[in-house]
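Working notes for the structure below.
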Amino acid sequence: MPAERDVRLHMYAQMTRSRYFEEAIKVAYLEGKQPLFNMAKGPIPGEMHLSSGQEPCAVGVCAHLRADDTVTATHRAHHIAIAKGVALNAMTAEIFGKRDGLSGGRGGHMHLFDATVNFCCSGIVAQGMGPAVGAALAAKLMGSDAVAVSFVGEGAANQGAFHESLNLAAVWRAPVIFVIEDNAWGISVSKRASTAVARNSDRAAAYGMPGIFVADNDTDAIYQAAGEAVRRARAGGGPTLIEIETWRLEGHFMGDAEGYRPSGEVAALQARDPLLVYRRRLADIGVSAAELESIECRGRRAVADAIEFARKSDYPGAESAFQTVFS
Amino acid sequence: MPAERDVRLHMYAQMTRSRYFEEAIKVAYLEGKQPLFNMAKGPIPGEMHLSSGQEPCAVGVCAHLRADDTVTATHRAHHIAIAKGVALNAMTAEIFGKRDGLSGGRGGHMHLFDATVNFCCSGIVAQGMGPAVGAALAAKLMGSDAVAVSFVGEGAANQGAFHESLNLAAVWRAPVIFVIEDNAWGISVSKRASTAVARNSDRAAAYGMPGIFVADNDTDAIYQAAGEAVRRARAGGGPTLIEIETWRLEGHFMGDAEGYRPSGEVAALQARDPLLVYRRRLADIGVSAAELESIECRGRRAVADAIEFARKSDYPGAESAFQTVFS
Amino acid sequence: MTAPTAAATTRRLTIAKAMSEAIGLSMNADSKVIVLGEDIGALGGVFGTTQGLLERFGAERVRDTPISETAFIGAAVGLAAAGMRPIVELMFVDFFGVCMDAIYNLAAKQSYFSGGHVRCPMVLMTSVGGGYGDAGQHSQCLYATFAHLPGLKVVMPSNAYDAKGLLLSAIADANPVVFMFHKALQGMGWLGTVPGSIVHVPQEMYEIPIGKAATVRLGSDITLVGLGLTVHLALQAAATLSSEGIEAEVIDLRSISPLDRETIAVSVAKTRRLIVVDDDYRSFGVSAEVIAGACEEGVDWLAAPARITHPDVPIPFSPALEHPLLPSVAKIVKASRVLCAGKVA
Amino acid sequence: MTAPTAAATTRRLTIAKAMSEAIGLSMNADSKVIVLGEDIGALGGVFGTTQGLLERFGAERVRDTPISETAFIGAAVGLAAAGMRPIVELMFVDFFGVCMDAIYNLAAKQSYFSGGHVRCPMVLMTSVGGGYGDAGQHSQCLYATFAHLPGLKVVMPSNAYDAKGLLLSAIADANPVVFMFHKALQGMGWLGTVPGSIVHVPQEMYEIPIGKAATVRLGSDITLVGLGLTVHLALQAAATLSSEGIEAEVIDLRSISPLDRETIAVSVAKTRRLIVVDDDYRSFGVSAEVIAGACEEGVDWLAAPARITHPDVPIPFSPALEHPLLPSVAKIVKASRVLCAGKVA
Ligand SMILES: Cc1ncc(C[n+]2csc(CCOP(=O)(O)OP(=O)(O)O)c2C)c(N)n1
Ligand SMILES: Cc1ncc(C[n+]2csc(CCOP(=O)(O)OP(=O)(O)O)c2C)c(N)n1
Ligand SMILES: [Mg+2]
Ligand SMILES: [Mg+2]
């Protein structure tokens, strides 16, 4: 069944909030990095991987998740963290390396951990998959119907951890859903050039698990596919692999000149920006312009508040670098 | 087409030689390890993984190979080394840790390297697969029609290197054949308990390459399947995955009590010993008892000579431990 | 803290049995403790670390895994994050190369990346050491490879008493602990065992604190620092040296990381002579850290500190090649005589 | 052997350009040289190590790979065994955990296991170092992690001249060489670069011998040993110290393994004071090996040797946390003053 109206509004709210967030991060990230771009400078140093264009993957899946469900994500995780309900202020402060950040500035944008909603991410491609299988097994052993979801990019589907984790999940019948966000690129290397099959969802057969492909970055279709997978997992039906066709509207990381990308590709994708598409769809089902604008407005405010919170927060004291190495 | 008569006799000769070799190694290995079994003692210390029962996999595939074709094998490699044409005397001396061994006693039974026939093996599960892809690419780049074959056990099909290597081979259209010797066991863990699919050959679809399953440890069927794969590879048709149902007639390693193994399993397999089966088949096509016996006799003599050669060879001088760390 | 001498009779166990016992007691006490690894079920562990556990606790809590170290060690990290206390076995430390990311980038950093909000209470058991002809991919020690990386605790017992106490501490620890056990001390019949590793082990639960070395022999002339197997070599050497009028103090590190620098410093301040005996590769290893750590403190050496280690070459298969490369009682005695020459003179 | 000062004008290149140039020259000279790795084709390497090579040599010899380090580094081992000379890039050294077996159990031991009959002429290029806010999985150095393992040579240049010469030596070597390049010296605009790393680089091919350190500044009071980035910190500190009457000798290791113990020994025999500056984790690292190696030789120290390193904690993201943990000119000056206090007094 298609998503209820309120679920769709919720997903739109999350998508817009996520996009506003990336736009605000983009602005803050570039501060101090112009005219000469130097990754080490400005309020947000280091690499920055934006998720603009991939919001449907995050919201379509996470709309089915509870706080006690686990999500492990990757280097490109802002949209997923927001959809999973990670505290926006603390997450933003973390990205700014501040004391009030999720981990007091120790982790940064590639290492966002929020125990309250069981969210984490790691910067090593595909390495979050094993932990997701473990979290799923933990739920099973503790007699809970919680599930785990591991988000990865299509490039991760060629990493050994992908294979081992899917096999192990299937052998254990673990309640885990593997979600591949196929944005067609692994930095500068195209999926076609790196992957021996057209659809990674076909690889599910190698593990005797259902493999679902969702085309066209379609929020409602993702919601539906994820819903079935999550229900199956909660009911003890074991793991599912879902590959979602999505788009990367930005460079791999901020500062990526994207010389490798066919000219016009990004423009063509922007014309089909999933936020515009979904907004139109909501209007078609009768959601008023006023309602949409108020959703957008709330999102903008939440993001603005988070950025302000992060900027106002102090830097951590140097001594705290030595704390929490061990618990 | 089925194998020519002379090819079949050649395969039978290799199989018997291989079996006699394992029987002789078994005897030598147990010297000094009785009554109290201590792996460190005797003329052959360390782990010993015998291949008895798996000879058809080795001869059926290697019958199609030339000296300039590369083979990478595993911890259980004697049958493959013999089928690939590794010098038996030097190989045996290596297993005895002697100066005349393939590497002067540096490698031992899990690290047999013979550059003259491009054979090597490694003790880390599945790690020989990447090098096989590399050797295949080297042949392609050098304009040769040589191929590479990577032998692994079914347990290796759940290791990340398996997945990465098959995908890379397919993307590169490398002339490599991946051969899985499915003896149903990874030490004490059964294939059923560790593998999410019944047949690893089905996993070939995840890489868009042909996946062939050969049942019943059938030497001629293996020969035929391997022939097609090798011809395809030489012709530029890319990689193939072959899974062969075979039997492990011994423990995982010498000293394995095999308490985990269903009683009667080994006895049942012994009754279908591939050497007996193949000997009968050859008799059926009219190979005389005398001819068979002379083949067996030559094999016994070659093995006896190799063992004697190894025993007579000196131990390497201690100083040689410091040589060939670098070339 | 130090192990009772083998003289104490009643319950003399091998390290393998002591480890199985420690795990069993922990599984009894805490349903969150589970075991994962290759051949740890019906087989009871290739090195006997999980004997009888499958029968007692069942296949839900004692899980044989596929040969997928990256996945099942990664799974242990996720289990630990979710509040379980997984004990995972990496059959041979030599296999770390297929799964190190899960160990050093995930397990080791989970607490730090989360600011202490997500813990990683897991134990990674792994076998180390050679000397029995298993060649270059099944005989390595790699102590420093693990100890160099922050966020991991690394321990190794030299006897069954310490094995049980250290393993119980590791299981109780809120952090990832790499528990190394030396094959030459494990007490598997088929491997042969240094008798000194088989000692009295109390039935009950007890802990040996992680980060504390044990001074297993007192002496005033020279400090011999060892770990695992080399502790026994040092003790035998000390006996010989004593008959020559050289009294060696022998320290069993027990913990490689954190390193008990204080116990070492106190000893070398007294003896002003130091030999580190380490069967890992020589350079960039434990032996260098122990010597450098002592030198930083500004010891007024009576003789330059020395190390007896496996040289910087892969471990060869042939006994004729491997045995001469390993630390030995004779090498320790010889080197100690040289360092103590001044004394005799 | 040592790099010409930046004064030498004509062809001042970044390390990135010098590396691309070295690879291009080798590919011209030898058709067996090929390059494999992630984003080394159209992108020219995330850190600019393969700029222009795809255009010049085509996709057969300059191969973008899937994100499959185990497979493509393993493939490099097979390519090398077959007589090719693969250059493979591991984008960040931090990723070693997913592919170390191919590096340390296959590449490093191929010659030994084969008794020298099968060589492994391959180069593994990998980026190291932090300081730009890339956090705990993209800022590590791990020098000792590689240097501890036999069968590998490990080098790291501090400037473009050495980068080209060391890379040409590595490509010509019959053995696996891990070529580390420090992100703070690479000369990618987007990373910022220590100016001293950009120096004159001759057009032609030349080699810098692997295993030889460079004494880049002569001094009689104290020896400062650095590698990569820390060489530049040591040189700046030496300038300040000189104005205070302390003359520091600065050694650029260039090769981590084999370590040039003789150059270090000669220097400390003269200065009798030693500080090792190393941005890798403190314990069980390069700093410990350099200090222990010197102490073994029996130096009559004027002051206890010291090390300035990244402490044993994961690398934090926030600049407020990371920067204070890194070696700095100020820390070197301060520590040098302490060690030389005796002199001034
Ligand atoms: C094991 C490993 N190899 C390489 C990298 C470097 N790297 C970071 S992101 C990335 C591309 C990942 O592509 P994909 O999985 O499709 O995710 P996307 O960036 O498209 O979201 C690479 C190669 C890494 N972080 N980890
Ligand atoms: C990466 C790795 N993990 C574990 C081992 C220990 N081990 C050696 S052989 C083996 C079983 C291999 O099973 P399979 O691949 O089926 O080969 P077989 O022994 O049946 O021939 C295991 C687990 C290893 N050598 N390497
Ligand atoms: Mg992608
Ligand atoms: Mg098997």
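Residue numbering restarts at 1 for every chain of the structure tokens, chains are lettered A, B, ... in their displayed order, and ligands are numbered from 1 as they appear.
Using only C-alpha atoms and all ligand atoms as the basis for the distance check, residues found within 7 Å of ligand 1 are His75, Arg76, Gly123, Ile124, Val125, Ala126, Val152, Gly153, Glu154, Gly155, Ala156, Asp182, Asn183, Ala184, Trp185, Gly186, Ile187 and His252 of chain A; Glu38, Ile67, Glu69, Met91, Phe95 and Val98 of chain D.
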Dump as a CSV table (one decimal), in the first residue's frame, selection limited to N, CA, C and O atoms:
```csv
chain,number,residue,atom,x,y,z
A,75,HIS,N,30.3,7.5,5.0
A,75,HIS,CA,30.9,8.8,4.9
A,75,HIS,C,29.9,9.9,4.5
A,75,HIS,O,30.0,11.0,4.7
A,76,ARG,N,28.8,9.4,3.8
A,76,ARG,CA,27.8,10.3,3.2
A,76,ARG,C,26.5,10.0,4.0
A,76,ARG,O,25.7,9.2,3.6
A,123,GLY,N,33.8,5.8,8.1
A,123,GLY,CA,34.4,6.3,6.9
A,123,GLY,C,35.0,5.3,6.0
A,123,GLY,O,35.5,5.6,4.9
A,124,ILE,N,35.1,4.0,6.4
A,124,ILE,CA,35.7,3.0,5.6
A,124,ILE,C,34.6,2.3,4.8
A,124,ILE,O,33.7,1.7,5.4
A,125,VAL,N,34.7,2.3,3.5
A,125,VAL,CA,33.7,1.7,2.7
A,125,VAL,C,33.3,0.3,3.0
A,125,VAL,O,34.1,-0.6,3.2
A,126,ALA,N,32.0,0.1,3.2
A,126,ALA,CA,31.3,-1.2,3.5
A,126,ALA,C,31.6,-1.7,4.9
A,126,ALA,O,31.0,-2.7,5.3
A,152,VAL,N,24.8,1.6,2.4
A,152,VAL,CA,26.1,1.8,1.7
A,152,VAL,C,25.9,2.3,0.3
A,152,VAL,O,24.7,2.4,-0.2
A,153,GLY,N,26.9,2.8,-0.3
A,153,GLY,CA,26.9,3.2,-1.7
A,153,GLY,C,27.1,2.0,-2.6
A,153,GLY,O,27.5,1.0,-2.2
A,154,GLU,N,26.8,2.2,-3.9
A,154,GLU,CA,26.9,1.1,-4.9
A,154,GLU,C,28.4,0.7,-5.0
A,154,GLU,O,28.7,-0.5,-5.3
A,155,GLY,N,29.3,1.6,-4.7
A,155,GLY,CA,30.7,1.3,-4.8
A,155,GLY,C,31.1,0.2,-3.7
A,155,GLY,O,32.0,-0.6,-3.9
A,156,ALA,N,30.4,0.3,-2.6
A,156,ALA,CA,30.7,-0.7,-1.5
A,156,ALA,C,30.3,-2.1,-1.9
A,156,ALA,O,30.8,-3.0,-1.2
A,182,ASP,N,22.5,3.7,-4.9
A,182,ASP,CA,23.3,3.7,-6.2
A,182,ASP,C,23.2,5.1,-6.8
A,182,ASP,O,22.2,5.4,-7.5
A,183,ASN,N,24.2,5.8,-6.6
A,183,ASN,CA,24.3,7.2,-7.2
A,183,ASN,C,25.2,7.1,-8.4
A,183,ASN,O,25.6,8.1,-9.0
A,184,ALA,N,25.5,5.9,-8.9
A,184,ALA,CA,26.2,5.7,-10.1
A,184,ALA,C,27.7,6.0,-10.1
A,184,ALA,O,28.4,5.7,-11.0
A,185,TRP,N,28.2,6.6,-9.0
A,185,TRP,CA,29.6,7.0,-8.9
A,185,TRP,C,30.2,6.6,-7.6
A,185,TRP,O,29.6,6.7,-6.5
A,186,GLY,N,31.5,6.1,-7.6
A,186,GLY,CA,32.3,5.9,-6.5
A,186,GLY,C,33.5,6.9,-6.7
A,186,GLY,O,34.4,6.6,-7.5
A,187,ILE,N,33.4,8.0,-6.1
A,187,ILE,CA,34.2,9.2,-6.4
A,187,ILE,C,34.2,9.4,-7.9
A,187,ILE,O,33.1,9.7,-8.5
A,252,HIS,N,31.8,14.4,-5.3
A,252,HIS,CA,32.0,13.3,-4.3
A,252,HIS,C,32.2,14.0,-2.9
A,252,HIS,O,31.6,13.6,-1.9
D,38,GLU,N,42.3,3.1,-7.1
D,38,GLU,CA,41.0,3.8,-7.1
D,38,GLU,C,41.2,5.3,-7.5
D,38,GLU,O,42.1,6.0,-7.0
D,67,ILE,N,36.3,-0.7,-5.7
D,67,ILE,CA,36.7,-0.5,-4.3
D,67,ILE,C,36.9,-1.9,-3.7
D,67,ILE,O,36.1,-2.3,-2.9
D,69,GLU,N,40.3,-3.4,-2.5
D,69,GLU,CA,41.7,-3.4,-2.2
D,69,GLU,C,42.3,-4.8,-2.1
D,69,GLU,O,43.4,-5.0,-2.6
D,91,MET,N,44.6,4.4,-1.3
D,91,MET,CA,44.3,5.9,-1.2
D,91,MET,C,44.7,6.5,0.1
D,91,MET,O,45.4,7.5,0.1
D,95,PHE,N,43.3,2.6,5.3
D,95,PHE,CA,42.5,1.5,4.8
D,95,PHE,C,43.2,0.2,4.8
D,95,PHE,O,42.7,-0.8,4.3
D,98,VAL,N,41.6,-3.5,5.4
D,98,VAL,CA,40.8,-4.3,4.6
D,98,VAL,C,41.7,-5.1,3.6
D,98,VAL,O,41.1,-5.9,2.8
```
Counting only C-alpha atoms, chain D residues within 10 Å of chain A, as a tab-separated table (two decimals) with N, CA and C atoms, in the first residue's frame:
```tsv
chain	number	residue	atom	x	y	z
D	38	GLU	N	42.26	3.12	-7.06
D	38	GLU	CA	40.99	3.84	-7.12
D	38	GLU	C	41.23	5.28	-7.55
D	39	ASP	N	40.53	5.70	-8.58
D	39	ASP	CA	40.57	7.10	-9.01
D	39	ASP	C	41.94	7.56	-9.47
D	40	ILE	N	42.73	6.62	-9.99
D	40	ILE	CA	44.06	7.01	-10.48
D	40	ILE	C	44.01	7.26	-12.00
D	41	GLY	N	42.84	7.05	-12.60
D	41	GLY	CA	42.71	7.27	-14.05
D	41	GLY	C	42.33	8.71	-14.37
D	42	ALA	N	41.08	8.89	-14.74
D	42	ALA	CA	40.62	10.23	-15.15
D	42	ALA	C	40.91	11.27	-14.07
D	43	LEU	N	40.78	10.90	-12.84
D	43	LEU	CA	40.99	11.87	-11.75
D	43	LEU	C	42.47	12.16	-11.52
D	44	GLY	N	43.34	11.25	-11.94
D	44	GLY	CA	44.78	11.47	-11.74
D	44	GLY	C	45.22	11.24	-10.31
D	45	GLY	N	44.40	10.48	-9.55
D	45	GLY	CA	44.75	10.20	-8.16
D	45	GLY	C	44.19	11.27	-7.25
D	46	VAL	N	43.53	10.84	-6.19
D	46	VAL	CA	42.96	11.81	-5.24
D	46	VAL	C	44.05	12.75	-4.75
D	64	ASP	N	41.75	2.25	-13.35
D	64	ASP	CA	40.87	2.52	-12.21
D	64	ASP	C	40.31	1.18	-11.75
D	65	THR	N	40.26	0.97	-10.45
D	65	THR	CA	39.75	-0.30	-9.95
D	65	THR	C	38.44	-0.11	-9.21
D	66	PRO	N	37.70	-1.21	-9.01
D	66	PRO	CA	36.58	-1.17	-8.07
D	66	PRO	C	37.14	-0.93	-6.65
D	67	ILE	N	36.27	-0.68	-5.70
D	67	ILE	CA	36.72	-0.47	-4.32
D	67	ILE	C	36.93	-1.85	-3.70
D	68	SER	N	38.01	-2.49	-4.14
D	68	SER	CA	38.30	-3.88	-3.82
D	68	SER	C	39.79	-4.02	-3.56
D	69	GLU	N	40.26	-3.42	-2.48
D	69	GLU	CA	41.70	-3.40	-2.21
D	69	GLU	C	42.31	-4.79	-2.11
D	70	THR	N	41.58	-5.72	-1.49
D	70	THR	CA	42.12	-7.06	-1.36
D	70	THR	C	42.37	-7.68	-2.73
D	71	ALA	N	41.44	-7.47	-3.63
D	71	ALA	CA	41.58	-8.07	-4.96
D	71	ALA	C	42.65	-7.36	-5.78
D	94	ASP	N	45.17	4.46	6.13
D	94	ASP	CA	44.15	4.04	7.10
D	94	ASP	C	43.33	2.85	6.62
D	95	PHE	N	43.33	2.61	5.32
D	95	PHE	CA	42.52	1.51	4.78
D	95	PHE	C	43.25	0.18	4.78
D	97	GLY	N	43.55	-1.99	6.82
D	97	GLY	CA	42.84	-3.06	7.52
D	97	GLY	C	41.98	-3.94	6.63
D	98	VAL	N	41.64	-3.46	5.44
D	98	VAL	CA	40.82	-4.29	4.55
D	98	VAL	C	41.66	-5.11	3.57
D	99	CYS	N	42.98	-4.93	3.60
D	99	CYS	CA	43.78	-5.58	2.55
D	99	CYS	C	45.19	-5.96	3.00
D	130	GLY	N	47.79	13.63	9.14
D	130	GLY	CA	46.59	14.42	9.42
D	130	GLY	C	46.90	15.88	9.55
D	131	GLY	N	46.18	16.53	10.44
D	131	GLY	CA	46.39	17.95	10.68
D	131	GLY	C	45.42	18.83	9.93
D	132	TYR	N	44.58	18.23	9.10
D	132	TYR	CA	43.62	19.04	8.31
D	132	TYR	C	42.17	18.70	8.62
D	133	GLY	N	41.96	18.02	9.76
D	133	GLY	CA	40.59	17.79	10.19
D	133	GLY	C	39.87	16.64	9.51
D	134	ASP	N	40.61	15.63	9.11
D	134	ASP	CA	39.95	14.51	8.43
D	134	ASP	C	39.62	13.36	9.39
D	135	ALA	N	39.90	13.56	10.65
D	135	ALA	CA	39.47	12.65	11.72
D	135	ALA	C	40.15	11.28	11.71
D	136	GLY	N	39.65	10.42	12.59
D	136	GLY	CA	40.37	9.23	13.02
D	136	GLY	C	40.54	8.09	12.04
D	137	GLN	N	39.86	8.13	10.92
D	137	GLN	CA	40.03	7.06	9.93
D	137	GLN	C	40.66	7.55	8.64
D	138	HIS	N	41.11	8.81	8.63
D	138	HIS	CA	41.71	9.36	7.41
D	138	HIS	C	42.91	10.26	7.70
D	139	SER	N	43.54	10.06	8.85
D	139	SER	CA	44.64	10.96	9.25
D	139	SER	C	45.82	10.21	9.84
D	184	ALA	N	50.37	16.50	4.09
D	184	ALA	CA	50.73	17.89	4.37
D	184	ALA	C	51.87	18.38	3.49
D	188	MET	N	48.90	19.36	-3.02
D	188	MET	CA	47.57	19.53	-3.60
D	188	MET	C	47.04	20.85	-3.06
D	189	GLY	N	46.66	21.74	-3.95
D	189	GLY	CA	46.20	23.05	-3.50
D	189	GLY	C	45.20	22.91	-2.37
D	190	TRP	N	44.27	22.00	-2.54
D	190	TRP	CA	43.17	21.90	-1.58
D	190	TRP	C	43.60	21.37	-0.21
D	191	LEU	N	44.85	21.02	-0.07
D	191	LEU	CA	45.31	20.53	1.23
D	191	LEU	C	46.30	21.46	1.90
D	192	GLY	N	46.80	22.43	1.14
D	192	GLY	CA	47.84	23.28	1.74
D	192	GLY	C	49.11	22.46	1.85
D	193	THR	N	50.24	23.10	1.72
D	193	THR	CA	51.50	22.36	1.66
D	193	THR	C	52.63	23.12	2.33
D	311	PRO	N	50.12	11.32	20.60
D	311	PRO	CA	49.93	10.41	21.74
D	311	PRO	C	49.10	9.18	21.35
D	312	ASP	N	48.99	8.25	22.29
D	312	ASP	CA	48.27	7.00	22.03
D	312	ASP	C	46.76	7.17	22.16
D	313	VAL	N	46.23	8.05	21.36
D	313	VAL	CA	44.78	8.21	21.30
D	313	VAL	C	44.37	8.30	19.83
D	314	PRO	N	43.15	7.90	19.51
D	314	PRO	CA	42.71	8.05	18.12
D	314	PRO	C	42.82	9.53	17.73
D	315	ILE	N	42.91	9.79	16.44
D	315	ILE	CA	43.08	11.17	16.00
D	315	ILE	C	41.70	11.85	16.00
D	316	PRO	N	41.56	12.88	16.83
D	316	PRO	CA	40.25	13.54	16.93
D	316	PRO	C	39.99	14.47	15.75
D	317	PHE	N	38.73	14.74	15.50
D	317	PHE	CA	38.36	15.61	14.38
D	317	PHE	C	38.60	17.10	14.66
D	318	SER	N	38.08	17.59	15.75
D	318	SER	CA	38.11	19.03	16.00
D	318	SER	C	39.54	19.57	16.02
D	319	PRO	N	39.76	20.65	15.28
D	319	PRO	CA	41.10	21.27	15.30
D	319	PRO	C	41.52	21.61	16.73
D	320	ALA	N	40.53	21.94	17.56
D	320	ALA	CA	40.85	22.28	18.95
D	320	ALA	C	41.42	21.08	19.69
D	321	LEU	N	41.12	19.90	19.20
D	321	LEU	CA	41.63	18.67	19.83
D	321	LEU	C	42.84	18.13	19.08
D	322	GLU	N	42.77	18.14	17.74
D	322	GLU	CA	43.83	17.51	16.95
D	322	GLU	C	45.15	18.29	17.01
D	323	HIS	N	45.06	19.61	16.78
D	323	HIS	CA	46.31	20.39	16.67
D	323	HIS	C	47.22	20.26	17.88
D	324	PRO	N	46.67	20.34	19.10
D	324	PRO	CA	47.57	20.21	20.26
D	324	PRO	C	48.24	18.84	20.38
D	325	LEU	N	47.69	17.83	19.70
D	325	LEU	CA	48.26	16.48	19.81
D	325	LEU	C	49.43	16.27	18.86
```
For the contact check between chain A and chain B, emit one row per residue of chain A within 10 Å, containing the shortest atom pair and the distance in Å rounded to one decimal, counting only C-alpha atoms, chain then rising number order, as a tab-separated table.
```
residue	atom	partner	partner_atom	distance
A:Ala157	CA	B:Glu164	CA	9.2
A:Asn158	CA	B:Glu164	CA	5.9
A:Gln159	CA	B:Glu164	CA	6.1
A:Gly160	CA	B:Gly160	CA	3.5
A:Ala161	CA	B:Gly160	CA	5.9
A:Phe162	CA	B:Gly160	CA	7.7
A:His163	CA	B:Gly160	CA	5.9
A:Glu164	CA	B:Gly160	CA	5.7
A:Ser165	CA	B:Gly160	CA	9.1
A:Leu166	CA	B:Ala196	CA	8.8
A:Asn167	CA	B:Ala196	CA	5.7
A:Leu168	CA	B:Ser194	CA	7.8
A:Ala169	CA	B:Ala196	CA	8.8
A:Ala170	CA	B:Ala196	CA	5.8
A:Val171	CA	B:Ala196	CA	5.5
A:Trp172	CA	B:Ala196	CA	9.2
A:Arg173	CA	B:Ala196	CA	9.6
A:Arg192	CA	B:Val171	CA	9.0
A:Ala193	CA	B:Val171	CA	7.2
A:Ser194	CA	B:Val171	CA	6.5
A:Thr195	CA	B:Val171	CA	6.6
A:Ala196	CA	B:Tyr207	CA	4.9
A:Val197	CA	B:Tyr207	CA	5.8
A:Ala198	CA	B:Gly208	CA	9.1
A:Arg199	CA	B:Ala206	CA	9.1
A:Asn200	CA	B:Ala206	CA	7.8
A:Ser201	CA	B:Ala206	CA	9.2
A:Asp202	CA	B:Ala206	CA	6.6
A:Arg203	CA	B:Ala206	CA	4.8
A:Ala204	CA	B:Ala206	CA	8.2
A:Ala205	CA	B:Arg203	CA	7.5
A:Ala206	CA	B:Arg203	CA	4.8
A:Tyr207	CA	B:Ala196	CA	4.9
A:Gly208	CA	B:Val197	CA	5.9
A:Met209	CA	B:Ala196	CA	8.6
```
**OP:** Counting only C-alpha atoms, collect the residues of chain D whose closest atom lies at most 6 Å from chain C, and write them out as a PyMOL selection string.
**Re:** chain D and resi 97-98+100-101+144-145+148+150+283-285+288-289+291-292+296+298+304-306+312-314
Subject >> Which of segment 132-228 of chain D fall in strand (DSSP E), as an NGL selection string >> reply: :D and (153-155 or 177-182 or 199-200 or 214-217 or 222-226)
Taking the DSSP assignment computed from this structure's backbone, write out as a short mmCIF file (atom, residue, chain, number, x, y, z; two decimals) with N, CA, C and O atoms, in the first residue's frame all residues of segment 284-323 of chain C that belong to alpha helix (DSSP H).
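What follows is the written file result.cif:
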```cif
data_model
loop_
_atom_site.label_atom_id
_atom_site.label_comp_id
_atom_site.auth_asym_id
_atom_site.auth_seq_id
_atom_site.Cartn_x
_atom_site.Cartn_y
_atom_site.Cartn_z
N VAL C 286 57.84 -4.88 20.52
CA VAL C 286 57.72 -4.73 21.98
C VAL C 286 59.09 -4.46 22.59
O VAL C 286 59.24 -3.63 23.49
N SER C 287 60.08 -5.17 22.09
CA SER C 287 61.42 -5.02 22.68
C SER C 287 61.91 -3.58 22.56
O SER C 287 62.49 -3.03 23.49
N ALA C 288 61.64 -2.94 21.43
CA ALA C 288 62.07 -1.55 21.25
C ALA C 288 61.32 -0.63 22.20
O ALA C 288 61.91 0.27 22.80
N GLU C 289 60.03 -0.86 22.37
CA GLU C 289 59.25 0.01 23.24
C GLU C 289 59.70 -0.10 24.68
O GLU C 289 59.82 0.90 25.40
N VAL C 290 59.97 -1.33 25.13
CA VAL C 290 60.40 -1.51 26.52
C VAL C 290 61.74 -0.82 26.74
O VAL C 290 61.94 -0.10 27.73
N ILE C 291 62.66 -0.97 25.80
CA ILE C 291 63.98 -0.35 25.95
C ILE C 291 63.88 1.17 25.86
O ILE C 291 64.39 1.90 26.72
N ALA C 292 63.16 1.66 24.87
CA ALA C 292 63.03 3.11 24.70
C ALA C 292 62.33 3.73 25.91
O ALA C 292 62.75 4.77 26.42
N GLY C 293 61.28 3.06 26.37
CA GLY C 293 60.55 3.57 27.54
C GLY C 293 61.44 3.69 28.75
O GLY C 293 61.38 4.67 29.50
N ALA C 294 62.30 2.68 28.92
CA ALA C 294 63.22 2.72 30.08
C ALA C 294 64.25 3.82 29.88
O ALA C 294 64.52 4.60 30.80
N CYS C 295 64.79 3.94 28.68
CA CYS C 295 65.84 4.95 28.42
C CYS C 295 65.31 6.36 28.60
O CYS C 295 66.01 7.23 29.12
N GLU C 296 64.08 6.59 28.17
CA GLU C 296 63.48 7.93 28.35
C GLU C 296 63.52 8.37 29.80
O GLU C 296 63.64 9.55 30.10
N PRO C 319 62.65 -26.77 10.59
CA PRO C 319 63.17 -26.63 11.96
C PRO C 319 64.64 -26.20 11.96
O PRO C 319 65.07 -25.46 12.85
N ALA C 320 65.36 -26.63 10.92
CA ALA C 320 66.78 -26.27 10.84
C ALA C 320 66.95 -24.77 10.66
O ALA C 320 67.99 -24.20 10.99
N LEU C 321 65.93 -24.13 10.13
CA LEU C 321 65.98 -22.68 9.94
C LEU C 321 65.25 -21.93 11.04
O LEU C 321 65.73 -20.91 11.53
N GLU C 322 64.10 -22.44 11.45
CA GLU C 322 63.27 -21.71 12.42
C GLU C 322 63.88 -21.71 13.82
O GLU C 322 64.00 -20.66 14.46
N HIS C 323 64.28 -22.88 14.29
CA HIS C 323 64.74 -22.96 15.69
C HIS C 323 65.88 -22.02 16.02
O HIS C 323 65.84 -21.35 17.07
#
```
